[in-house]
$ cat model-v7.cif   # mmCIF, C-alpha atoms
data_protein
#
loop_
_atom_site.label_atom_id
_atom_site.label_comp_id
_atom_site.auth_asym_id
_atom_site.auth_seq_id
_atom_site.Cartn_x
_atom_site.Cartn_y
_atom_site.Cartn_z
CA GLY A 28 9.46 11.42 -80.51
CA GLU A 29 6.74 13.88 -79.59
CA ASN A 30 6.76 15.67 -76.22
CA VAL A 31 3.47 17.05 -74.93
CA GLU A 32 3.44 19.36 -71.93
CA GLN A 33 0.24 20.28 -70.14
CA HIS A 34 -0.48 23.04 -67.63
CA PRO A 35 -1.69 23.49 -65.02
CA SER A 36 -1.64 20.13 -63.28
CA THR A 37 -4.46 21.20 -60.96
CA LEU A 38 -7.10 23.87 -61.40
CA SER A 39 -9.91 25.00 -59.13
CA VAL A 40 -12.61 27.38 -60.31
CA GLN A 41 -15.90 28.64 -58.97
CA GLU A 42 -19.02 27.34 -60.63
CA GLY A 43 -19.89 29.57 -63.55
CA ASP A 44 -16.34 30.74 -64.14
CA SER A 45 -14.19 29.71 -67.10
CA ALA A 46 -11.38 27.16 -67.09
CA VAL A 47 -8.44 27.13 -69.47
CA ILE A 48 -5.95 24.29 -69.91
CA LYS A 49 -2.91 24.67 -72.14
CA CYS A 50 -0.72 22.19 -73.96
CA THR A 51 2.42 22.48 -76.04
CA TYR A 52 3.88 19.93 -78.41
CA SER A 53 7.20 19.54 -80.17
CA ASP A 54 6.68 17.51 -83.36
CA SER A 55 5.64 19.53 -86.41
CA ALA A 56 4.25 16.34 -87.95
CA SER A 57 1.46 16.13 -85.36
CA ASN A 58 -1.78 17.02 -87.08
CA TYR A 59 -4.56 15.90 -84.75
CA PHE A 60 -5.19 17.25 -81.24
CA PRO A 61 -7.90 15.61 -79.14
CA TRP A 62 -8.94 16.34 -75.57
CA TYR A 63 -10.14 13.65 -73.18
CA LYS A 64 -12.09 13.86 -69.94
CA GLN A 65 -11.56 11.16 -67.34
CA GLU A 66 -13.82 10.91 -64.33
CA LEU A 67 -12.63 9.03 -61.27
CA GLY A 68 -12.40 5.30 -61.93
CA LYS A 69 -13.61 5.61 -65.49
CA ARG A 70 -12.14 5.55 -68.96
CA PRO A 71 -10.92 8.64 -70.80
CA GLN A 72 -13.62 9.95 -73.12
CA LEU A 73 -13.12 12.18 -76.12
CA ILE A 74 -14.80 15.53 -75.59
CA ILE A 75 -13.48 17.62 -78.47
CA ASP A 76 -10.75 17.49 -81.07
CA ILE A 77 -9.16 19.77 -83.61
CA ARG A 78 -7.16 19.11 -86.74
CA SER A 79 -4.19 21.07 -87.96
CA ASN A 80 -6.03 22.86 -90.74
CA VAL A 81 -8.37 24.56 -88.25
CA GLY A 82 -7.58 27.29 -85.72
CA GLU A 83 -10.58 27.00 -83.45
CA LYS A 84 -13.49 24.69 -82.80
CA LYS A 85 -16.43 25.09 -80.44
CA ASP A 86 -19.02 22.70 -79.07
CA GLN A 87 -21.46 24.33 -76.65
CA ARG A 88 -19.47 25.30 -73.54
CA ILE A 89 -16.25 23.74 -74.76
CA ALA A 90 -13.81 25.24 -77.25
CA VAL A 91 -10.35 24.36 -78.42
CA THR A 92 -7.82 26.63 -80.10
CA LEU A 93 -4.70 25.64 -82.01
CA ASN A 94 -1.66 27.70 -82.88
CA LYS A 95 0.48 25.56 -85.18
CA THR A 96 3.22 28.13 -85.50
CA ALA A 97 3.75 28.27 -81.77
CA LYS A 98 2.90 24.57 -81.33
CA HIS A 99 0.36 25.07 -78.63
CA PHE A 100 -3.32 24.34 -78.17
CA SER A 101 -5.79 25.09 -75.42
CA LEU A 102 -9.07 23.86 -73.99
CA HIS A 103 -11.60 26.43 -72.83
CA ILE A 104 -14.60 25.52 -70.71
CA THR A 105 -17.08 28.32 -70.08
CA GLU A 106 -19.84 28.51 -67.46
CA THR A 107 -18.30 25.62 -65.56
CA GLN A 108 -20.53 23.22 -63.66
CA PRO A 109 -19.69 20.76 -60.86
CA GLU A 110 -20.04 17.86 -63.31
CA ASP A 111 -17.11 19.31 -65.27
CA SER A 112 -14.87 18.22 -62.39
CA ALA A 113 -12.53 15.55 -63.76
CA VAL A 114 -9.04 15.03 -65.11
CA TYR A 115 -8.50 16.38 -68.61
CA PHE A 116 -5.83 15.10 -70.96
CA CYS A 117 -4.60 16.69 -74.15
CA ALA A 118 -2.91 14.69 -76.88
CA ALA A 119 -0.96 15.31 -80.05
CA ALA A 120 -1.07 12.72 -82.79
CA GLY A 121 0.63 11.98 -86.08
CA ASN A 122 0.58 8.21 -86.53
CA GLN A 123 0.97 7.82 -82.79
CA PHE A 124 -0.74 9.43 -79.80
CA TYR A 125 1.20 11.32 -77.17
CA PHE A 126 -0.68 12.43 -74.09
CA GLY A 127 -0.10 15.30 -71.72
CA THR A 128 0.21 14.59 -68.02
CA GLY A 129 -3.33 15.68 -67.21
CA THR A 130 -5.08 18.53 -65.42
CA SER A 131 -7.27 17.84 -62.43
CA LEU A 132 -10.14 20.32 -62.63
CA THR A 133 -12.32 20.99 -59.60
CA VAL A 134 -15.42 23.14 -59.99
CA ILE A 135 -16.51 24.51 -56.63
CA PRO A 136 -20.28 24.89 -56.25
CA ASN B 266 -21.80 -0.76 -82.44
CA ALA B 267 -20.13 -1.95 -79.28
CA GLY B 268 -17.29 0.11 -77.98
CA VAL B 269 -13.83 -1.09 -77.09
CA MET B 270 -14.21 -4.13 -74.87
CA GLN B 271 -11.64 -5.06 -72.27
CA ASN B 272 -11.56 -8.04 -69.98
CA PRO B 273 -11.14 -8.83 -67.28
CA ARG B 274 -12.15 -5.55 -65.68
CA HIS B 275 -10.40 -6.53 -62.47
CA LEU B 276 -7.62 -9.05 -62.05
CA VAL B 277 -5.78 -10.08 -58.91
CA ARG B 278 -2.52 -11.93 -59.16
CA ARG B 279 0.18 -12.99 -56.72
CA ARG B 280 3.77 -12.07 -57.34
CA GLY B 281 5.33 -14.34 -59.94
CA GLN B 282 2.08 -15.24 -61.70
CA GLU B 283 1.10 -14.24 -65.21
CA ALA B 284 -1.51 -11.67 -66.18
CA ARG B 285 -3.30 -11.66 -69.53
CA LEU B 286 -5.40 -8.68 -70.48
CA ARG B 287 -7.64 -8.78 -73.52
CA CYS B 288 -8.93 -6.03 -75.74
CA SER B 289 -11.43 -6.21 -78.56
CA PRO B 290 -11.37 -3.00 -80.61
CA MET B 291 -14.42 -1.27 -81.96
CA LYS B 292 -15.87 -2.84 -85.08
CA GLY B 293 -13.94 -1.70 -88.12
CA HIS B 294 -10.93 -0.55 -86.09
CA SER B 295 -7.61 -2.17 -86.90
CA HIS B 296 -5.31 -0.01 -84.75
CA VAL B 297 -4.89 -0.83 -81.06
CA TYR B 298 -2.99 1.05 -78.37
CA TRP B 299 -2.23 0.00 -74.81
CA TYR B 300 -1.66 2.50 -71.99
CA ARG B 301 -0.83 2.08 -68.32
CA GLN B 302 -2.16 4.43 -65.68
CA LEU B 303 -1.08 4.54 -62.07
CA PRO B 304 -3.46 6.13 -59.51
CA GLU B 305 -3.69 9.89 -59.99
CA GLU B 306 -1.19 9.80 -62.83
CA GLY B 307 -1.31 10.18 -66.59
CA LEU B 308 -1.61 7.74 -69.46
CA LYS B 309 1.70 6.12 -70.19
CA PHE B 310 2.01 4.72 -73.71
CA MET B 311 3.05 1.09 -73.90
CA VAL B 312 2.51 -0.31 -77.38
CA TYR B 313 0.77 0.37 -80.68
CA LEU B 314 -0.33 -2.54 -82.85
CA GLN B 315 -2.12 -3.27 -86.06
CA LYS B 316 -3.37 -6.69 -87.04
CA GLU B 317 -0.43 -9.10 -86.81
CA ASN B 318 2.06 -6.24 -86.51
CA ILE B 319 3.70 -4.34 -83.68
CA ILE B 320 4.10 -0.78 -84.93
CA ASP B 321 5.65 0.85 -81.89
CA GLU B 322 6.59 -0.87 -78.64
CA SER B 323 8.87 1.85 -77.33
CA GLY B 324 6.84 2.14 -74.13
CA MET B 325 6.98 -1.51 -73.23
CA PRO B 326 9.38 -2.68 -70.52
CA LYS B 327 12.07 -4.84 -72.09
CA GLU B 328 11.33 -7.84 -69.95
CA ARG B 329 8.19 -9.67 -68.85
CA PHE B 330 5.80 -7.63 -71.03
CA SER B 331 4.56 -8.63 -74.47
CA ALA B 332 1.63 -7.75 -76.70
CA GLU B 333 0.00 -9.19 -79.75
CA PHE B 334 -2.91 -8.48 -82.04
CA PRO B 335 -3.59 -11.61 -84.07
CA LYS B 336 -5.45 -11.79 -87.33
CA GLU B 337 -8.41 -13.26 -85.50
CA GLY B 338 -9.39 -12.46 -81.93
CA PRO B 339 -8.59 -9.76 -79.42
CA SER B 340 -5.35 -7.99 -78.72
CA ILE B 341 -3.60 -9.40 -75.66
CA LEU B 342 -1.24 -7.72 -73.25
CA ARG B 343 0.72 -10.33 -71.34
CA ILE B 344 2.70 -9.68 -68.19
CA GLN B 345 4.84 -12.54 -66.95
CA GLN B 346 6.11 -12.98 -63.40
CA VAL B 347 4.15 -9.99 -62.13
CA VAL B 348 5.55 -7.77 -59.39
CA ARG B 349 3.76 -5.32 -57.10
CA GLY B 350 4.87 -2.42 -59.28
CA ASP B 351 2.78 -3.81 -62.13
CA SER B 352 -0.38 -2.94 -60.21
CA ALA B 353 -2.16 -0.34 -62.35
CA ALA B 354 -5.05 0.27 -64.68
CA TYR B 355 -4.32 -0.87 -68.21
CA PHE B 356 -6.33 0.87 -70.88
CA CYS B 357 -6.75 -0.29 -74.43
CA ALA B 358 -7.81 2.11 -77.15
CA SER B 359 -8.60 1.65 -80.81
CA SER B 360 -8.85 3.77 -83.91
CA GLN B 361 -9.94 3.20 -87.47
CA VAL B 362 -6.90 4.99 -88.81
CA GLY B 363 -3.61 5.41 -87.01
CA GLY B 364 -3.44 8.66 -85.09
CA GLN B 365 -7.10 9.57 -85.51
CA GLU B 366 -10.10 9.49 -83.15
CA LEU B 367 -9.00 7.17 -80.41
CA PHE B 368 -11.64 5.41 -78.32
CA PHE B 369 -10.84 3.86 -74.95
CA GLY B 370 -12.08 0.75 -73.26
CA GLU B 371 -13.12 0.70 -69.60
CA GLY B 372 -9.72 -0.54 -68.55
CA SER B 373 -8.40 -3.60 -66.73
CA ARG B 374 -7.33 -3.01 -63.16
CA LEU B 375 -4.52 -5.31 -62.14
CA THR B 376 -3.69 -5.80 -58.49
CA VAL B 377 -0.59 -7.76 -57.57
CA LEU B 378 -0.54 -9.10 -54.03
#

$ encode --input "model-v7.cif" --output "C-alpha coordinates"
Amino acid sequence: GENVEQHPSTLSVQEGDSAVIKCTYSDSASNYFPWYKQELGKRPQLIIDIRSNVGEKKDQRIAVTLNKTAKHFSLHITETQPEDSAVYFCAAAGNQFYFGTGTSLTVIP
Amino acid sequence: NAGVMQNPRHLVRRRGQEARLRCSPMKGHSHVYWYRQLPEEGLKFMVYLQKENIIDESGMPKERFSAEFPKEGPSILRIQQVVRGDSAAYFCASSQVGGQELFFGEGSRLTVL
(Lines of atoms letter the chains of each structure in order from A and count residues from 1; the text may use other names and numbers.)
(Lines give C-alpha, C1' and ligand atoms only; values in the text may rest on other atoms or scores of the structure.)
Protein backbone atom coordinates (compact mmCIF):
# COMPACT_ATOMS: atom_id res chain seq x y z
CA GLY A 1 0.00 0.00 0.00
CA GLU A 2 0.88 3.68 -0.03
CA ASN A 3 3.27 5.15 2.55
CA VAL A 4 3.08 8.88 3.21
CA GLU A 5 5.78 10.57 5.27
CA GLN A 6 5.39 14.10 6.55
CA HIS A 7 7.96 16.51 7.98
CA PRO A 8 8.43 18.27 10.26
CA SER A 9 6.19 16.97 13.02
CA THR A 10 6.27 20.35 14.78
CA LEU A 11 6.98 23.79 13.39
CA SER A 12 7.10 27.18 15.08
CA VAL A 13 7.34 30.40 13.09
CA GLN A 14 7.07 34.08 13.85
CA GLU A 15 3.97 35.83 12.63
CA GLY A 16 4.54 37.08 9.11
CA ASP A 17 7.15 34.45 8.27
CA SER A 18 6.59 31.56 5.88
CA ALA A 19 5.94 27.93 6.82
CA VAL A 20 6.76 24.94 4.67
CA ILE A 21 5.58 21.37 5.27
CA LYS A 22 6.83 18.50 3.12
CA CYS A 23 5.42 15.09 2.30
CA THR A 24 6.68 12.13 0.33
CA TYR A 25 4.69 9.21 -1.01
CA SER A 26 5.57 5.83 -2.46
CA ASP A 27 2.78 4.71 -4.79
CA SER A 28 3.06 5.97 -8.37
CA ALA A 29 -0.66 5.37 -8.80
CA SER A 30 -1.55 8.17 -6.37
CA ASN A 31 -2.95 11.05 -8.37
CA TYR A 32 -4.63 13.36 -5.88
CA PHE A 33 -2.89 15.21 -3.04
CA PRO A 34 -5.03 17.18 -0.59
CA TRP A 35 -3.99 19.11 2.50
CA TYR A 36 -6.13 19.33 5.62
CA LYS A 37 -6.07 21.72 8.55
CA GLN A 38 -7.29 20.50 11.91
CA GLU A 39 -7.82 22.91 14.77
CA LEU A 40 -7.91 21.58 18.31
CA GLY A 41 -11.01 19.50 18.95
CA LYS A 42 -12.35 20.00 15.45
CA ARG A 43 -12.61 18.04 12.24
CA PRO A 44 -9.97 18.09 9.52
CA GLN A 45 -10.91 20.59 6.82
CA LEU A 46 -9.66 20.63 3.25
CA ILE A 47 -7.63 23.76 2.59
CA ILE A 48 -6.04 23.06 -0.78
CA ASP A 49 -5.47 20.15 -3.11
CA ILE A 50 -3.50 19.36 -6.22
CA ARG A 51 -3.88 16.73 -8.90
CA SER A 52 -1.10 14.87 -10.62
CA ASN A 53 -1.34 16.76 -13.89
CA VAL A 54 -0.46 20.06 -12.17
CA GLY A 55 2.86 21.15 -10.67
CA GLU A 56 1.73 24.03 -8.53
CA LYS A 57 -1.46 25.57 -7.23
CA LYS A 58 -1.98 28.74 -5.21
CA ASP A 59 -4.87 30.10 -3.20
CA GLN A 60 -4.12 33.44 -1.53
CA ARG A 61 -1.47 32.78 1.14
CA ILE A 62 -1.43 29.03 0.60
CA ALA A 63 0.35 27.17 -2.18
CA VAL A 64 1.07 23.55 -2.89
CA THR A 65 3.75 22.12 -5.17
CA LEU A 66 4.00 18.60 -6.55
CA ASN A 67 6.99 16.79 -7.97
CA LYS A 68 5.70 13.49 -9.37
CA THR A 69 9.10 12.29 -10.45
CA ALA A 70 10.52 12.61 -6.97
CA LYS A 71 7.18 11.68 -5.34
CA HIS A 72 7.03 14.62 -3.04
CA PHE A 73 4.69 17.54 -2.46
CA SER A 74 4.80 20.54 -0.19
CA LEU A 75 2.53 23.06 1.47
CA HIS A 76 3.66 26.68 1.65
CA ILE A 77 1.97 29.24 3.86
CA THR A 78 3.17 32.81 3.46
CA GLU A 79 2.64 35.78 5.78
CA THR A 80 1.58 33.46 8.58
CA GLN A 81 -0.99 34.61 11.11
CA PRO A 82 -1.80 33.27 14.59
CA GLU A 83 -5.02 31.73 13.24
CA ASP A 84 -2.89 29.51 11.00
CA SER A 85 -1.85 27.63 14.14
CA ALA A 86 -3.22 24.09 13.79
CA VAL A 87 -2.24 20.58 12.79
CA TYR A 88 -1.82 20.08 9.06
CA PHE A 89 -2.15 16.72 7.34
CA CYS A 90 -1.10 15.81 3.85
CA ALA A 91 -2.63 12.89 1.99
CA ALA A 92 -1.99 10.89 -1.16
CA ALA A 93 -4.92 9.24 -2.88
CA GLY A 94 -5.56 6.79 -5.68
CA ASN A 95 -8.78 4.98 -4.85
CA GLN A 96 -7.88 5.17 -1.18
CA PHE A 97 -6.62 7.98 1.05
CA TYR A 98 -3.36 7.70 2.95
CA PHE A 99 -2.57 10.44 5.43
CA GLY A 100 0.72 11.75 6.72
CA THR A 101 1.31 11.85 10.46
CA GLY A 102 0.63 15.57 10.75
CA THR A 103 2.55 18.77 11.45
CA SER A 104 1.69 20.89 14.43
CA LEU A 105 2.20 24.50 13.34
CA THR A 106 2.47 27.28 15.90
CA VAL A 107 2.54 30.88 14.73
CA ILE A 108 4.03 33.11 17.41
CA PRO A 109 2.53 36.61 17.54
CA ASN B 1 -26.36 20.79 1.38
CA ALA B 2 -25.62 19.40 4.80
CA GLY B 3 -22.14 18.18 5.42
CA VAL B 4 -21.11 14.80 6.75
CA MET B 5 -23.18 14.13 9.84
CA GLN B 6 -21.92 11.98 12.68
CA ASN B 7 -23.68 10.95 15.83
CA PRO B 8 -23.37 10.73 18.65
CA ARG B 9 -20.77 13.45 19.03
CA HIS B 10 -19.81 12.10 22.44
CA LEU B 11 -20.33 8.60 23.75
CA VAL B 12 -19.38 7.14 27.10
CA ARG B 13 -19.30 3.40 27.58
CA ARG B 14 -18.13 1.05 30.30
CA ARG B 15 -15.72 -1.73 29.51
CA GLY B 16 -17.50 -4.64 27.86
CA GLN B 17 -20.36 -2.60 26.41
CA GLU B 18 -21.01 -1.96 22.74
CA ALA B 19 -20.50 1.31 20.91
CA ARG B 20 -22.32 2.21 17.70
CA LEU B 21 -21.21 5.24 15.75
CA ARG B 22 -23.27 6.53 12.85
CA CYS B 23 -22.29 8.52 9.80
CA SER B 24 -24.48 10.04 7.14
CA PRO B 25 -22.39 11.11 4.14
CA MET B 26 -22.90 14.29 2.20
CA LYS B 27 -25.77 14.20 -0.26
CA GLY B 28 -24.69 12.49 -3.44
CA HIS B 29 -21.67 10.83 -1.83
CA SER B 30 -21.52 7.06 -1.96
CA HIS B 31 -18.00 6.50 -0.59
CA VAL B 32 -17.44 6.47 3.17
CA TYR B 33 -14.21 6.23 5.13
CA TRP B 34 -13.70 5.77 8.86
CA TYR B 35 -10.60 7.00 10.69
CA ARG B 36 -9.52 6.79 14.32
CA GLN B 37 -7.55 9.55 15.98
CA LEU B 38 -5.92 9.37 19.38
CA PRO B 39 -5.13 12.66 21.20
CA GLU B 40 -2.31 14.54 19.48
CA GLU B 41 -1.89 11.80 16.90
CA GLY B 42 -2.67 11.36 13.23
CA LEU B 43 -5.61 9.92 11.33
CA LYS B 44 -5.44 6.16 11.28
CA PHE B 45 -7.39 4.55 8.44
CA MET B 46 -9.88 1.91 9.49
CA VAL B 47 -12.25 1.05 6.67
CA TYR B 48 -13.48 2.23 3.29
CA LEU B 49 -17.01 1.39 2.18
CA GLN B 50 -19.40 1.97 -0.65
CA LYS B 51 -23.10 1.25 -0.47
CA GLU B 52 -23.51 -2.38 0.64
CA ASN B 53 -19.82 -3.11 0.03
CA ILE B 54 -16.66 -3.08 2.11
CA ILE B 55 -13.90 -1.99 -0.25
CA ASP B 56 -10.95 -1.97 2.12
CA GLU B 57 -10.98 -2.97 5.78
CA SER B 58 -7.24 -3.40 6.17
CA GLY B 59 -7.16 -0.90 9.04
CA MET B 60 -9.82 -2.57 11.10
CA PRO B 61 -8.82 -4.66 14.11
CA LYS B 62 -9.64 -8.30 13.43
CA GLU B 63 -11.88 -8.66 16.43
CA ARG B 64 -14.67 -6.60 17.99
CA PHE B 65 -14.81 -4.01 15.18
CA SER B 66 -17.20 -4.08 12.24
CA ALA B 67 -18.58 -1.57 9.77
CA GLU B 68 -21.42 -1.43 7.33
CA PHE B 69 -22.95 0.97 4.86
CA PRO B 70 -26.41 -0.31 3.96
CA LYS B 71 -28.40 0.58 0.90
CA GLU B 72 -30.60 2.79 3.04
CA GLY B 73 -29.46 4.69 6.11
CA PRO B 74 -26.17 5.76 7.59
CA SER B 75 -22.88 3.94 7.75
CA ILE B 76 -22.30 2.36 11.15
CA LEU B 77 -19.07 1.58 12.93
CA ARG B 78 -19.68 -0.97 15.65
CA ILE B 79 -17.28 -1.77 18.46
CA GLN B 80 -18.19 -4.72 20.64
CA GLN B 81 -16.93 -5.33 24.17
CA VAL B 82 -15.14 -1.99 24.31
CA VAL B 83 -11.86 -1.62 26.19
CA ARG B 84 -10.15 1.51 27.49
CA GLY B 85 -7.81 1.51 24.49
CA ASP B 86 -10.79 2.10 22.21
CA SER B 87 -11.16 5.60 23.64
CA ALA B 88 -10.53 7.94 20.72
CA ALA B 89 -12.14 10.27 18.23
CA TYR B 90 -13.67 8.42 15.31
CA PHE B 91 -14.00 10.46 12.16
CA CYS B 92 -16.13 9.60 9.19
CA ALA B 93 -15.46 11.12 5.79
CA SER B 94 -17.24 10.88 2.48
CA SER B 95 -16.49 11.50 -1.16
CA GLN B 96 -18.48 11.48 -4.36
CA VAL B 97 -15.84 9.45 -6.13
CA GLY B 98 -13.33 7.17 -4.48
CA GLY B 99 -10.07 8.92 -3.75
CA GLN B 100 -11.30 12.42 -4.56
CA GLU B 101 -12.24 15.42 -2.39
CA LEU B 102 -12.82 13.90 1.00
CA PHE B 103 -15.03 15.75 3.48
CA PHE B 104 -14.96 14.97 7.20
CA GLY B 105 -17.67 14.90 9.80
CA GLU B 106 -17.24 16.48 13.23
CA GLY B 107 -16.24 13.16 14.73
CA SER B 108 -17.57 10.94 17.50
CA ARG B 109 -15.56 10.98 20.70
CA LEU B 110 -15.73 7.67 22.50
CA THR B 111 -14.71 7.43 26.12
CA VAL B 112 -14.48 4.02 27.73
CA LEU B 113 -14.58 4.02 31.52

$ residues_around --input "model-v7.cif" --residues "A:Thr107" --least-positions-apart "6" --cutoff "9 Å" --atoms "all atoms listed in the file" --output "ChimeraX atom specification"
/A:40-46,88,134

$ write_last_selection --input "model-v7.cif" --atoms "C-alpha atoms" --output "PDB file, in the coordinates of the input"
ATOM      1  CA  VAL A  40     -12.610  27.380 -60.310  1.00  0.00           C
ATOM      2  CA  GLN A  41     -15.900  28.640 -58.970  1.00  0.00           C
ATOM      3  CA  GLU A  42     -19.020  27.340 -60.630  1.00  0.00           C
ATOM      4  CA  GLY A  43     -19.890  29.570 -63.550  1.00  0.00           C
ATOM      5  CA  ASP A  44     -16.340  30.740 -64.140  1.00  0.00           C
ATOM      6  CA  SER A  45     -14.190  29.710 -67.100  1.00  0.00           C
ATOM      7  CA  ALA A  46     -11.380  27.160 -67.090  1.00  0.00           C
ATOM      8  CA  ARG A  88     -19.470  25.300 -73.540  1.00  0.00           C
ATOM      9  CA  VAL A 134     -15.420  23.140 -59.990  1.00  0.00           C
TER      10      VAL A 134
END

$ interface_residues --input "model-v7.cif" --of "chain A" --to "chain B" --cutoff "12 Å" --atoms "all atoms listed in the file" --output "MDAnalysis selection string"
chainID A and resid 28:29 31:33 36:37 56:78 113:131

$ resolve_selection --input "model-v7.cif" --expression "the PyMOL selection byres ((chain B and resi 323-333) around 6)" --output "list of chain:residue names"
B:Phe310, B:Met311, B:Val312, B:Asp321, B:Glu322, B:Phe334, B:Ser340, B:Ile341, B:Leu342, B:Arg343, B:Ile344, B:Gln345

$ resolve_selection --input "model-v7.cif" --expression "the PyMOL selection byres ((chain A and resi 94) around 10)" --output "list in words"
Thr51, Ser79, Val81, Gly82, Glu83, Thr92, Leu93, Lys95, Thr96, Ala97, Lys98, His99, Phe100 and Ser101 of chain A

$ resolve_selection --input "model-v7.cif" --expression "the PyMOL selection byres ((chain B and resi 291) around 7)" --output "ChimeraX atom specification"
/B:267-269,289-290,292-294,359

$ atom_distance --input "model-v7.cif" --atom1 "atom CA of B:Val297" --atom2 "atom CA of A:Ala90"
27.8 Å

$ atom_distance --input "model-v7.cif" --atom1 "atom CA of B:Met270" --atom2 "atom CA of B:Glu283"
20.7 Å

$ atom_distance --input "model-v7.cif" --atom1 "atom CA of A:Ile135" --atom2 "atom CA of A:Leu102"
18.9 Å

$ axis_aligned_box --input "model-v7.cif" --around "stretch 41-56 of chain A" --padding-each-side "8 Å" --output "JSON"
{"center_x": -6.3, "center_y": 23.5, "center_z": -73.5, "size_x": 43.1, "size_y": 30.4, "size_z": 45.0}

$ closest_residue --input "model-v7.cif" --among "B:Arg279, B:Ser360, B:Gln346, B:Glu337" --to "B:Trp299" --atoms "all atoms listed in the file"
B:Ser360
